[in-house]
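**Student:** Next up, entry-v5.tsv (TSV, C-alpha atoms and all ligand atoms).
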```tsv
chain	number	residue	atom	x	y	z
A	1	MET	CA	28.30	-72.83	-102.65
A	2	THR	CA	26.08	-72.78	-99.61
A	3	THR	CA	24.72	-69.35	-98.77
A	4	ASN	CA	24.98	-68.37	-95.12
A	5	LEU	CA	21.59	-66.76	-94.49
A	6	LEU	CA	22.85	-65.19	-91.25
A	7	GLY	CA	24.63	-62.43	-93.17
A	8	LEU	CA	21.73	-61.32	-95.40
A	9	ASP	CA	19.93	-58.12	-94.48
A	10	SER	CA	16.31	-57.71	-95.50
A	11	LEU	CA	17.08	-56.61	-99.04
A	12	GLY	CA	19.66	-59.37	-99.48
A	13	MET	CA	17.22	-61.95	-98.16
A	14	GLU	CA	14.47	-60.74	-100.52
A	15	GLN	CA	16.82	-60.94	-103.47
A	16	PHE	CA	17.89	-64.42	-102.45
A	17	PHE	CA	14.29	-65.60	-102.16
A	18	ALA	CA	13.41	-64.02	-105.49
A	19	GLU	CA	16.23	-66.03	-107.09
A	20	LEU	CA	14.79	-69.16	-105.50
A	21	GLY	CA	11.43	-68.26	-107.05
A	22	GLU	CA	9.89	-67.66	-103.62
A	23	LYS	CA	7.70	-64.83	-102.41
A	24	THR	CA	9.06	-61.77	-100.60
A	25	PHE	CA	7.09	-62.38	-97.42
A	26	ARG	CA	8.86	-65.72	-97.02
A	27	ALA	CA	12.14	-63.83	-96.85
A	28	ARG	CA	10.72	-61.71	-94.04
A	29	GLN	CA	9.51	-64.79	-92.19
A	30	VAL	CA	12.91	-66.46	-92.36
A	31	LEU	CA	14.67	-63.25	-91.32
A	32	LYS	CA	12.46	-63.10	-88.23
A	33	TRP	CA	13.07	-66.73	-87.40
A	34	ILE	CA	16.81	-66.32	-87.55
A	35	HIS	CA	17.25	-62.99	-85.81
A	36	ARG	CA	14.20	-62.36	-83.67
A	37	ARG	CA	13.74	-65.89	-82.47
A	38	GLY	CA	17.29	-67.12	-82.80
A	39	ALA	CA	16.46	-70.16	-84.93
A	40	ALA	CA	19.52	-72.21	-85.79
A	41	ASP	CA	17.90	-74.68	-88.15
A	42	PHE	CA	15.03	-74.87	-90.56
A	43	ASP	CA	13.05	-77.52	-88.70
A	44	ALA	CA	12.13	-74.89	-86.12
A	45	MET	CA	10.44	-72.71	-88.74
A	46	THR	CA	7.01	-74.23	-88.27
A	47	ASP	CA	5.01	-71.69	-90.28
A	48	ILE	CA	7.06	-72.38	-93.40
A	49	ALA	CA	6.02	-75.19	-95.73
A	50	LYS	CA	8.01	-78.38	-95.33
A	51	GLU	CA	8.95	-78.30	-98.99
A	52	LEU	CA	10.55	-74.88	-98.73
A	53	ARG	CA	12.32	-75.84	-95.54
A	54	THR	CA	13.87	-78.82	-97.28
A	55	LYS	CA	14.91	-76.60	-100.19
A	56	LEU	CA	16.51	-74.10	-97.81
A	57	ALA	CA	18.28	-76.81	-95.83
A	58	ALA	CA	19.83	-78.11	-99.05
A	59	ALA	CA	20.98	-74.75	-100.45
A	60	THR	CA	21.73	-72.65	-97.39
A	61	ALA	CA	23.00	-72.65	-93.83
A	62	ILE	CA	22.63	-70.58	-90.67
A	63	GLU	CA	26.22	-70.52	-89.56
A	64	PRO	CA	27.56	-68.33	-86.75
A	65	PRO	CA	31.26	-68.30	-85.78
A	66	VAL	CA	32.36	-71.12	-83.48
A	67	VAL	CA	32.75	-70.27	-79.79
A	68	VAL	CA	36.20	-71.44	-78.69
A	69	GLY	CA	36.45	-69.44	-75.48
A	70	ASP	CA	33.90	-68.03	-73.03
A	71	GLY	CA	34.89	-66.21	-69.85
A	72	THR	CA	33.11	-64.00	-67.32
A	73	ALA	CA	34.89	-61.42	-65.14
A	74	PRO	CA	33.85	-60.76	-61.53
A	75	ASP	CA	32.03	-57.59	-62.68
A	76	GLY	CA	29.82	-59.64	-65.02
A	77	THR	CA	31.61	-58.67	-68.23
A	78	ARG	CA	31.62	-61.69	-70.52
A	79	LYS	CA	34.00	-62.29	-73.39
A	80	TRP	CA	33.71	-64.81	-76.17
A	81	LEU	CA	36.56	-65.92	-78.39
A	82	LEU	CA	35.09	-66.80	-81.75
A	83	LYS	CA	36.82	-68.83	-84.38
A	84	VAL	CA	35.98	-67.56	-87.84
A	85	ASP	CA	38.28	-69.86	-89.81
A	86	GLY	CA	41.25	-72.13	-89.32
A	87	ALA	CA	43.65	-69.26	-88.72
A	88	ASN	CA	41.55	-66.48	-87.22
A	89	ALA	CA	39.54	-65.79	-84.11
A	90	VAL	CA	37.97	-62.55	-82.94
A	91	GLU	CA	36.41	-61.40	-79.71
A	92	ALA	CA	33.03	-60.06	-78.66
A	93	VAL	CA	32.38	-58.61	-75.21
A	94	PHE	CA	29.10	-58.20	-73.31
A	95	ILE	CA	29.00	-55.46	-70.69
A	96	PRO	CA	25.96	-55.57	-68.38
A	97	GLU	CA	25.02	-52.31	-66.68
A	98	GLU	CA	22.06	-51.01	-64.74
A	99	GLY	CA	19.24	-50.72	-67.26
A	100	ARG	CA	21.20	-51.76	-70.31
A	101	GLY	CA	23.49	-54.36	-71.78
A	102	THR	CA	26.10	-53.44	-74.36
A	103	LEU	CA	27.68	-55.82	-76.81
A	104	CYS	CA	31.03	-54.79	-78.23
A	105	VAL	CA	31.58	-56.43	-81.62
A	106	SER	CA	34.60	-56.90	-83.86
A	107	SER	CA	34.59	-56.00	-87.54
A	108	GLN	CA	37.96	-57.33	-88.71
A	109	ALA	CA	40.49	-59.97	-87.71
A	110	GLY	CA	43.27	-57.56	-86.78
A	111	CYS	CA	43.44	-54.01	-88.12
A	112	THR	CA	45.48	-52.28	-90.81
A	113	LEU	CA	45.68	-48.93	-89.08
A	114	ASP	CA	48.29	-49.68	-86.44
A	115	CYS	CA	47.46	-47.13	-83.74
A	116	GLU	CA	50.37	-47.00	-81.35
A	117	PHE	CA	48.45	-47.80	-78.14
A	118	CYS	CA	46.20	-50.57	-79.49
A	119	SER	CA	46.80	-54.26	-79.07
A	120	THR	CA	44.67	-55.19	-82.08
A	121	GLY	CA	46.64	-52.76	-84.24
A	122	LYS	CA	49.92	-54.17	-83.03
A	123	GLN	CA	49.14	-57.69	-84.16
A	124	GLY	CA	48.62	-56.70	-87.77
A	125	PHE	CA	45.77	-57.37	-90.14
A	126	ASN	CA	44.52	-60.63	-91.49
A	127	ARG	CA	41.11	-60.15	-93.06
A	128	ASN	CA	37.74	-58.49	-93.05
A	129	LEU	CA	34.89	-60.27	-91.30
A	130	SER	CA	31.82	-61.11	-93.36
A	131	ALA	CA	28.39	-59.70	-92.48
A	132	ALA	CA	27.49	-63.15	-91.13
A	133	GLU	CA	30.54	-63.15	-88.88
A	134	ILE	CA	29.66	-59.70	-87.54
A	135	ILE	CA	25.94	-60.22	-86.97
A	136	GLY	CA	26.81	-63.72	-85.78
A	137	GLN	CA	28.38	-62.15	-82.69
A	138	LEU	CA	25.04	-60.60	-81.73
A	139	TRP	CA	23.16	-63.78	-82.66
A	140	LEU	CA	25.48	-65.83	-80.44
A	141	ALA	CA	25.31	-63.35	-77.56
A	142	ASN	CA	21.52	-63.52	-77.65
A	143	ALA	CA	21.67	-67.31	-77.74
A	144	ALA	CA	24.10	-67.42	-74.81
A	145	LEU	CA	22.30	-64.82	-72.73
A	146	GLY	CA	18.85	-66.19	-73.49
A	147	ILE	CA	16.06	-64.70	-75.52
A	148	HIS	CA	12.71	-64.91	-73.81
A	149	ALA	CA	9.62	-64.27	-75.86
A	150	GLY	CA	8.21	-60.90	-74.97
A	151	ALA	CA	10.95	-60.08	-72.45
A	152	ALA	CA	13.54	-57.36	-72.89
A	153	ARG	CA	16.65	-58.66	-74.53
A	154	ALA	CA	19.92	-58.71	-72.65
A	155	VAL	CA	21.65	-56.80	-75.44
A	156	SER	CA	20.12	-53.32	-75.70
A	157	ASN	CA	23.10	-51.57	-77.30
A	158	VAL	CA	25.79	-52.54	-79.77
A	159	VAL	CA	29.10	-50.77	-80.20
A	160	PHE	CA	31.57	-51.49	-83.01
A	161	MET	CA	34.50	-51.06	-80.66
A	162	GLY	CA	36.02	-54.52	-80.72
A	163	MET	CA	38.78	-55.58	-83.06
A	164	GLY	CA	39.18	-53.78	-86.34
A	165	GLU	CA	38.24	-50.54	-88.06
A	166	PRO	CA	34.58	-50.75	-89.17
A	167	MET	CA	34.99	-48.06	-91.82
A	168	MET	CA	37.52	-50.24	-93.63
A	169	ASN	CA	34.92	-53.01	-93.95
A	170	LEU	CA	31.65	-51.23	-94.69
A	171	ASP	CA	30.50	-53.80	-97.26
A	172	ALA	CA	29.95	-56.14	-94.31
A	173	VAL	CA	29.38	-53.62	-91.51
A	174	ILE	CA	26.44	-51.93	-93.28
A	175	PRO	CA	24.30	-55.07	-93.75
A	176	ALA	CA	25.13	-56.14	-90.19
A	177	ALA	CA	24.15	-52.71	-88.81
A	178	ARG	CA	20.96	-52.77	-90.89
A	179	LEU	CA	19.99	-56.11	-89.34
A	180	MET	CA	20.61	-54.64	-85.89
A	181	ILE	CA	18.13	-51.82	-86.48
A	182	ASP	CA	15.63	-53.82	-88.58
A	183	ASP	CA	12.29	-54.46	-86.84
A	184	ASN	CA	12.34	-57.96	-88.27
A	185	GLY	CA	15.92	-58.32	-87.04
A	186	TYR	CA	17.08	-57.05	-83.65
A	187	GLY	CA	14.94	-53.91	-83.58
A	188	LEU	CA	17.53	-51.69	-81.90
A	189	SER	CA	17.13	-47.95	-82.36
A	190	ARG	CA	19.75	-46.20	-84.48
A	191	ARG	CA	20.92	-44.36	-81.39
A	192	ARG	CA	21.75	-47.61	-79.68
A	193	VAL	CA	24.07	-48.85	-82.41
A	194	THR	CA	27.38	-47.01	-82.39
A	195	VAL	CA	30.13	-47.29	-84.95
A	196	SER	CA	33.54	-46.19	-83.72
A	197	THR	CA	36.15	-44.96	-86.18
A	198	SER	CA	39.69	-43.73	-85.98
A	199	GLY	CA	38.73	-41.20	-88.65
A	200	VAL	CA	38.45	-42.85	-92.05
A	201	VAL	CA	36.74	-39.90	-93.75
A	202	PRO	CA	35.31	-41.54	-96.91
A	203	GLY	CA	33.83	-44.31	-94.74
A	204	MET	CA	32.11	-41.76	-92.53
A	205	ASP	CA	30.43	-40.22	-95.57
A	206	ARG	CA	29.33	-43.61	-96.86
A	207	LEU	CA	27.90	-44.69	-93.52
A	208	ALA	CA	26.01	-41.40	-93.26
A	209	ALA	CA	24.45	-42.04	-96.66
A	210	GLU	CA	23.68	-45.74	-96.28
A	211	CYS	CA	23.03	-46.48	-92.63
A	212	PRO	CA	23.36	-43.51	-90.29
A	213	VAL	CA	23.74	-44.84	-86.76
A	214	ALA	CA	25.42	-43.18	-83.79
A	215	LEU	CA	29.05	-42.27	-84.40
A	216	ALA	CA	32.06	-42.26	-82.09
A	217	VAL	CA	35.38	-40.86	-83.31
A	218	SER	CA	38.69	-41.83	-81.74
A	219	LEU	CA	40.33	-38.44	-81.40
A	220	HIS	CA	43.03	-39.11	-78.78
A	221	ALA	CA	45.06	-35.95	-79.49
A	222	PRO	CA	44.27	-32.24	-79.74
A	223	ASP	CA	46.63	-31.48	-82.63
A	224	ASP	CA	47.92	-33.07	-85.82
A	225	ALA	CA	51.51	-33.42	-84.63
A	226	LEU	CA	50.54	-35.77	-81.80
A	227	ARG	CA	47.64	-37.42	-83.64
A	228	ASP	CA	49.88	-38.23	-86.61
A	229	ARG	CA	51.91	-40.33	-84.20
A	230	LEU	CA	49.19	-41.96	-82.12
A	231	VAL	CA	46.60	-42.54	-84.86
A	232	PRO	CA	48.55	-42.84	-88.14
A	233	ILE	CA	45.44	-42.51	-90.35
A	234	ASN	CA	45.58	-38.85	-89.31
A	235	ARG	CA	48.40	-38.35	-91.81
A	236	LYS	CA	45.90	-39.10	-94.54
A	237	TYR	CA	42.86	-37.38	-93.00
A	238	PRO	CA	44.07	-34.63	-90.65
A	239	ILE	CA	41.94	-33.11	-87.91
A	240	ARG	CA	40.52	-30.34	-90.09
A	241	GLU	CA	39.18	-32.85	-92.61
A	242	LEU	CA	38.00	-35.15	-89.84
A	243	LEU	CA	35.96	-32.39	-88.22
A	244	ALA	CA	34.42	-31.44	-91.55
A	245	ALA	CA	33.39	-35.09	-92.01
A	246	CYS	CA	31.91	-35.10	-88.48
A	247	ASN	CA	29.76	-32.10	-89.38
A	248	ARG	CA	28.60	-33.74	-92.59
A	249	TYR	CA	27.75	-36.87	-90.59
A	250	LEU	CA	25.72	-34.88	-88.11
A	251	GLU	CA	23.34	-33.82	-90.87
A	252	ARG	CA	22.18	-37.45	-91.04
A	253	ALA	CA	23.01	-38.80	-87.59
A	254	PRO	CA	20.38	-40.09	-85.17
A	255	ARG	CA	21.98	-38.10	-82.38
A	256	ASP	CA	22.92	-34.44	-82.53
A	257	PHE	CA	26.46	-34.96	-81.31
A	258	ILE	CA	29.56	-36.98	-82.09
A	259	THR	CA	31.21	-38.85	-79.24
A	260	PHE	CA	34.93	-38.14	-79.19
A	261	GLU	CA	36.85	-40.96	-77.57
A	262	TYR	CA	40.07	-39.95	-75.91
A	263	VAL	CA	42.43	-42.56	-74.47
A	264	MET	CA	44.26	-41.21	-71.41
A	265	LEU	CA	47.98	-41.82	-71.82
A	266	ASP	CA	50.20	-40.73	-68.97
A	267	GLY	CA	52.42	-37.78	-69.93
A	268	VAL	CA	51.50	-38.06	-73.61
A	269	ASN	CA	48.08	-36.47	-74.21
A	270	ASP	CA	46.76	-35.77	-70.71
A	271	ALA	CA	48.06	-32.27	-69.80
A	272	ASP	CA	45.76	-29.36	-68.94
A	273	ALA	CA	47.10	-27.46	-71.94
A	274	GLN	CA	46.00	-30.33	-74.18
A	275	ALA	CA	42.53	-30.32	-72.65
A	276	LYS	CA	42.33	-26.58	-73.37
A	277	LYS	CA	43.30	-27.19	-76.97
A	278	LEU	CA	40.44	-29.66	-77.26
A	279	LEU	CA	38.06	-26.79	-76.57
A	280	ASP	CA	38.93	-25.35	-79.98
A	281	ILE	CA	37.91	-28.63	-81.56
A	282	ALA	CA	34.73	-28.80	-79.49
A	283	ALA	CA	33.82	-25.32	-80.70
A	284	ARG	CA	33.73	-26.63	-84.27
A	285	VAL	CA	31.61	-29.80	-83.86
A	286	ARG	CA	28.68	-30.62	-81.56
A	287	CYS	CA	30.27	-33.29	-79.41
A	288	LYS	CA	30.65	-35.09	-76.13
A	289	PHE	CA	33.85	-36.54	-74.76
A	290	ASN	CA	34.41	-40.04	-73.50
A	291	LEU	CA	37.72	-40.41	-71.69
A	292	ILE	CA	39.10	-43.96	-71.77
A	293	PRO	CA	41.74	-44.84	-69.18
A	294	PHE	CA	44.48	-46.58	-71.20
A	295	ASN	CA	44.41	-50.36	-70.85
A	296	PRO	CA	47.93	-51.69	-70.85
A	297	PHE	CA	49.13	-54.75	-72.73
A	298	PRO	CA	52.59	-56.26	-72.83
A	299	GLY	CA	55.11	-54.15	-74.71
A	300	SER	CA	52.79	-51.17	-75.30
A	301	GLY	CA	55.27	-48.65	-73.89
A	302	PHE	CA	52.44	-46.49	-72.48
A	303	LYS	CA	51.08	-45.96	-69.00
A	304	ARG	CA	47.56	-45.10	-67.89
A	305	SER	CA	47.04	-41.55	-66.60
A	306	SER	CA	46.38	-41.40	-62.84
A	307	PRO	CA	42.75	-41.12	-61.68
A	308	ALA	CA	43.50	-37.61	-60.35
A	309	ARG	CA	44.93	-36.52	-63.72
A	310	ILE	CA	41.89	-37.94	-65.57
A	311	ARG	CA	39.54	-36.10	-63.19
A	312	ARG	CA	41.41	-32.85	-63.67
A	313	PHE	CA	41.45	-33.26	-67.46
A	314	ALA	CA	37.70	-33.88	-67.41
A	315	GLU	CA	37.19	-30.79	-65.26
A	316	VAL	CA	38.90	-28.51	-67.76
A	317	LEU	CA	36.47	-29.70	-70.42
A	318	GLN	CA	33.45	-29.62	-68.12
A	319	ARG	CA	34.15	-26.07	-66.95
A	320	ALA	CA	33.84	-25.02	-70.57
A	321	GLY	CA	30.37	-26.55	-70.64
A	322	LEU	CA	31.19	-29.85	-72.34
A	323	THR	CA	29.65	-33.18	-71.41
A	324	VAL	CA	32.38	-35.58	-70.39
A	325	THR	CA	32.13	-39.19	-69.26
A	326	THR	CA	34.99	-41.35	-68.11
A	327	ARG	CA	34.73	-44.95	-69.13
A	328	LYS	CA	34.81	-47.45	-66.34
A	329	THR	CA	37.36	-50.12	-66.95
A	330	ARG	CA	35.49	-53.37	-67.29
A	331	GLY	CA	36.41	-56.96	-67.74
A	332	ASP	CA	39.69	-56.85	-65.83
A	333	GLY	CA	41.15	-60.29	-65.46
A	334	ILE	CA	39.82	-61.54	-68.78
A	335	ASP	CA	41.54	-58.94	-70.96
A	336	ALA	CA	38.20	-57.68	-72.20
A	337	ALA	CA	38.81	-53.95	-71.84
A	338	CYS	CA	39.10	-51.52	-74.76
A	339	GLY	CA	42.15	-52.07	-76.86
A	340	GLN	CA	43.04	-55.34	-75.19
A	341	LEU	CA	41.12	-57.51	-77.60
A	342	ALA	CA	43.62	-59.58	-79.43
A	343	GLY	CA	41.78	-62.66	-80.57
A	344	ALA	CA	44.15	-64.79	-82.49
A	345	VAL	CA	45.09	-64.06	-86.04
A	346	ALA	CA	47.70	-65.56	-88.28
A	347	ASP	CA	49.96	-62.54	-88.34
A	348	ARG	CA	51.10	-61.73	-91.84
A	349	THR	CA	53.15	-58.77	-90.71
A	350	ARG	CA	55.20	-60.83	-88.28
A	351	ARG	CA	54.90	-58.09	-85.72
A	352	THR	CA	53.94	-60.79	-83.26
A	353	ARG	CA	53.97	-64.52	-83.37
A	354	THR	CA	51.04	-66.54	-84.62
A	355	VAL	CA	48.75	-67.80	-81.91
A	356	PRO	CA	47.27	-71.19	-82.67
A	357	ILE	CA	43.55	-71.58	-82.18
A	358	MET	CA	42.32	-74.51	-80.19
A	359	GLU	CA	38.79	-75.72	-79.76
A	360	ALA	CA	37.39	-75.18	-76.28
A	361	ARG	CA	36.88	-78.36	-74.34
A	362	PRO	CA	33.24	-79.18	-73.75
B	401	LIG	N1	38.92	-49.06	-84.90
B	401	LIG	C1	37.92	-48.33	-84.21
B	401	LIG	C2	37.11	-49.14	-83.24
B	401	LIG	C3	37.82	-50.16	-82.38
B	401	LIG	S1	38.80	-49.58	-81.08
B	401	LIG	C4	38.51	-47.12	-83.53
B	401	LIG	O1	39.73	-47.03	-83.45
B	401	LIG	O2	37.74	-46.26	-83.13
B	401	LIG	C5	37.64	-48.92	-79.88
B	401	LIG	C6	38.25	-47.84	-78.99
B	401	LIG	O3	39.25	-48.38	-78.10
B	401	LIG	C7	38.94	-46.75	-79.80
B	401	LIG	O4	38.63	-45.47	-79.30
B	401	LIG	C8	40.39	-47.07	-79.55
B	401	LIG	O5	41.20	-45.98	-79.80
B	401	LIG	C9	40.37	-47.52	-78.12
B	401	LIG	N2	41.58	-48.22	-77.69
B	401	LIG	C10	42.45	-48.90	-78.45
B	401	LIG	N3	43.44	-49.41	-77.68
B	401	LIG	C11	43.19	-49.02	-76.42
B	401	LIG	C12	43.84	-49.27	-75.17
B	401	LIG	N4	44.94	-50.02	-75.09
B	401	LIG	N5	43.30	-48.74	-74.05
B	401	LIG	C13	42.15	-48.01	-74.13
B	401	LIG	N6	41.49	-47.77	-75.28
B	401	LIG	C14	42.01	-48.26	-76.41
B	402	LIG	FE1	42.61	-50.25	-85.53
B	402	LIG	FE2	40.99	-48.88	-83.88
B	402	LIG	FE3	43.09	-50.29	-82.92
B	402	LIG	FE4	43.51	-48.05	-84.33
B	402	LIG	S1	42.49	-48.21	-82.31
B	402	LIG	S2	44.62	-49.99	-84.57
B	402	LIG	S3	41.87	-48.15	-85.82
B	402	LIG	S4	41.30	-51.11	-83.93
```
Let me see the file written as structure tokens.
Ligand code: SAH
Ligand code: SF4
**Tutor:**
Amino acid sequence: MTTNLLGLDSLGMEQFFAELGEKTFRARQVLKWIHRRGAADFDAMTDIAKELRTKLAAATAIEPPVVVGDGTAPDGTRKWLLKVDGANAVEAVFIPEEGRGTLCVSSQAGCTLDCEFCSTGKQGFNRNLSAAEIIGQLWLANAALGIHAGAARAVSNVVFMGMGEPMMNLDAVIPAARLMIDDNGYGLSRRRVTVSTSGVVPGMDRLAAECPVALAVSLHAPDDALRDRLVPINRKYPIRELLAACNRYLERAPRDFITFEYVMLDGVNDADAQAKKLLDIAARVRCKFNLIPFNPFPGSGFKRSSPARIRRFAEVLQRAGLTVTTRKTRGDGIDAACGQLAGAVADRTRRTRTVPIMEARP
């Protein structure tokens, strides 16, 4: 079987080259060609002997997902629909801002965790993405946005906040994250790569041990009764255990706080009393809050809290000395906002109908 070199982190690449009977430094050269310079084929790798290039071309491939959709919103947010196989497509979103550019990547086609307010969760789960399919999103974004030798790259930050729960697919997420922070790869600092989790405790411990990058935790409720309903994984790992895992993570984390994400759902989790309850949680973990105005999708059954309510909720937290940001809703018009990413997966749960994938017209 052809090996897709795109998904190999530096250790994986070295092992692969050792098996080929090649020297370690060749592995590093190829890694740089693929990820730093965006090479898509072996002919471009001019400092590698022709013989080795021919050998690589025969045994391996550099194969990113296929772009089947590409749209830009008026605010500059750009969304790609990426076909990963005959039945599945996922989405990646680029969000340009003053002084930085953030790429939001997907880690699974669908998600098993079925949070009540999430469009990805509602369409069921189909499969994990491979490391190549995850890093391929960054590779493609760089290719689309242009890499200029010596110039700052368009993508300065990566967040695992697209489709899927990264902690349920760490075998692929870890090598992809390692490539992101590798100097021979994308060279991003650990603080600029953020994994977001709904609170899969064993995954948090594993990530801390194997590739500690910045961590965001989707809290969304101040108590177990409400969180059990909104984020069902809470029934397995309740808030007390989640906070303990956050504190263990902080011992290794590149930042000295956890970002708690909190989706603002009208009349559900947005009362002053609920904000006050969050203060008890904040007293137990060094954290910042990121309030996310709910992004509606058909049939969700939820409404977004009003701007005034979100401001007031933020104030309660801020008065207690907490740092709170409210996420700007981006990508309106192309369904690129948080929780709206749906891609297209063959739905095995039959919660929704299967969406066929069509190739984009040239
Ligand atoms: N599975 C991971 C990462 C992907 S979701 C997680 O749950 O953290 C990224 C963020 O978007 C999470 O905080 C998630 O709760 C939030 N989100 C999901 N659906 C949303 C919606 N409809 N509106 C706003 N945010 C949403
Ligand atoms: Fe999965 Fe995250 Fe959506 Fe929950 S919010 S269903 S964990 S992608």
**Student:** Could you report the residues within 10 Å of ligand LIG 402 (chain B), using all atoms listed in the file, as an NGL selection string?
**Tutor:** :A and (106-125 or 160-168 or 196-200 or 217-218 or 220 or 230-233 or 263 or 338-342)
**Student:** Hey, which of A:Val159, A:Arg235, A:Gly185, A:Ile310 ends up closest to ligand LIG 401 (chain B)? Count all atoms listed in the file.
**Tutor:** A:Val159
**Student:** May I have the centre and edge lengths, in Å to one decimal, of an axis-aligned box around the listed atoms of range 162-180 of chain A with 6 Å added to every side, as JSON?
**Tutor:**
```
{"center_x": 29.6, "center_y": -52.1, "center_z": -89.0, "size_x": 31.2, "size_y": 20.1, "size_z": 28.5}
```
**Student:** If I take CA of Leu291 in chain A and CA of Ile135 in chain A, how far is one from the other in Å, to one decimal?
**Tutor:** 27.7 Å
**Student:** Which residue, A:Ala216, A:Ala40, A:Ala245, A:Ile34, has the smallest gap to ligand LIG 401 (chain B) when you use only C-alpha atoms and all ligand atoms?
**Tutor:**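 The shortest atom-to-atom distance to ligand LIG 401 (chain B) comes from A:Ala216.
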**Student:** May I ask for the distance between CA of Met204 in chain A and CA of Asp335 in chain A, given in Å to one decimal place?
**Tutor:**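 Separation between CA of Met204 in chain A and CA of Asp335 in chain A: 29.1 Å.
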**Student:** Which one is closest to ligand LIG 401 (chain B): A:Phe297, A:Trp33, A:Phe17, A:Phe94? Count all atoms listed in the file.
**Tutor:**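 Using all atoms listed in the file, the shortest distance to ligand LIG 401 (chain B) belongs to A:Phe297.
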**Student:** Rounded to one decimal in Å, what is the spacing between CA of Lys277 in chain A and CA of Ala308 in chain A?
**Tutor:**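 According to the coordinates, CA of Lys277 in chain A and CA of Ala308 in chain A are separated by 19.6 Å.
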**Student:** As a list in words, please: the residues near Ala209 in chain A (cut-off 10 Å, all atoms listed in the file, same-chain neighbours under 5 positions excluded).
**Tutor:**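 The residues satisfying every condition are Gly203, Met204, Tyr249, Arg252 and Ala253 of chain A.
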**Student:** Restricting the output to C-alpha atoms, write the selected residues as a tab-separated table (two decimals), keeping the file's coordinate frame.
**Tutor:**
```tsv
chain	number	residue	atom	x	y	z
A	203	GLY	CA	33.83	-44.31	-94.74
A	204	MET	CA	32.11	-41.76	-92.53
A	249	TYR	CA	27.75	-36.87	-90.59
A	252	ARG	CA	22.18	-37.45	-91.04
A	253	ALA	CA	23.01	-38.80	-87.59
```
**Student:** Compare A:Ala314, A:Leu11, A:Val268, A:Cys287 by their minimum atom-to-atom distance to Leu226 in chain A, counting all atoms listed in the file, and give me the closest one.
**Tutor:**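 That would be A:Val268, the residue with the smallest distance to Leu226 in chain A.
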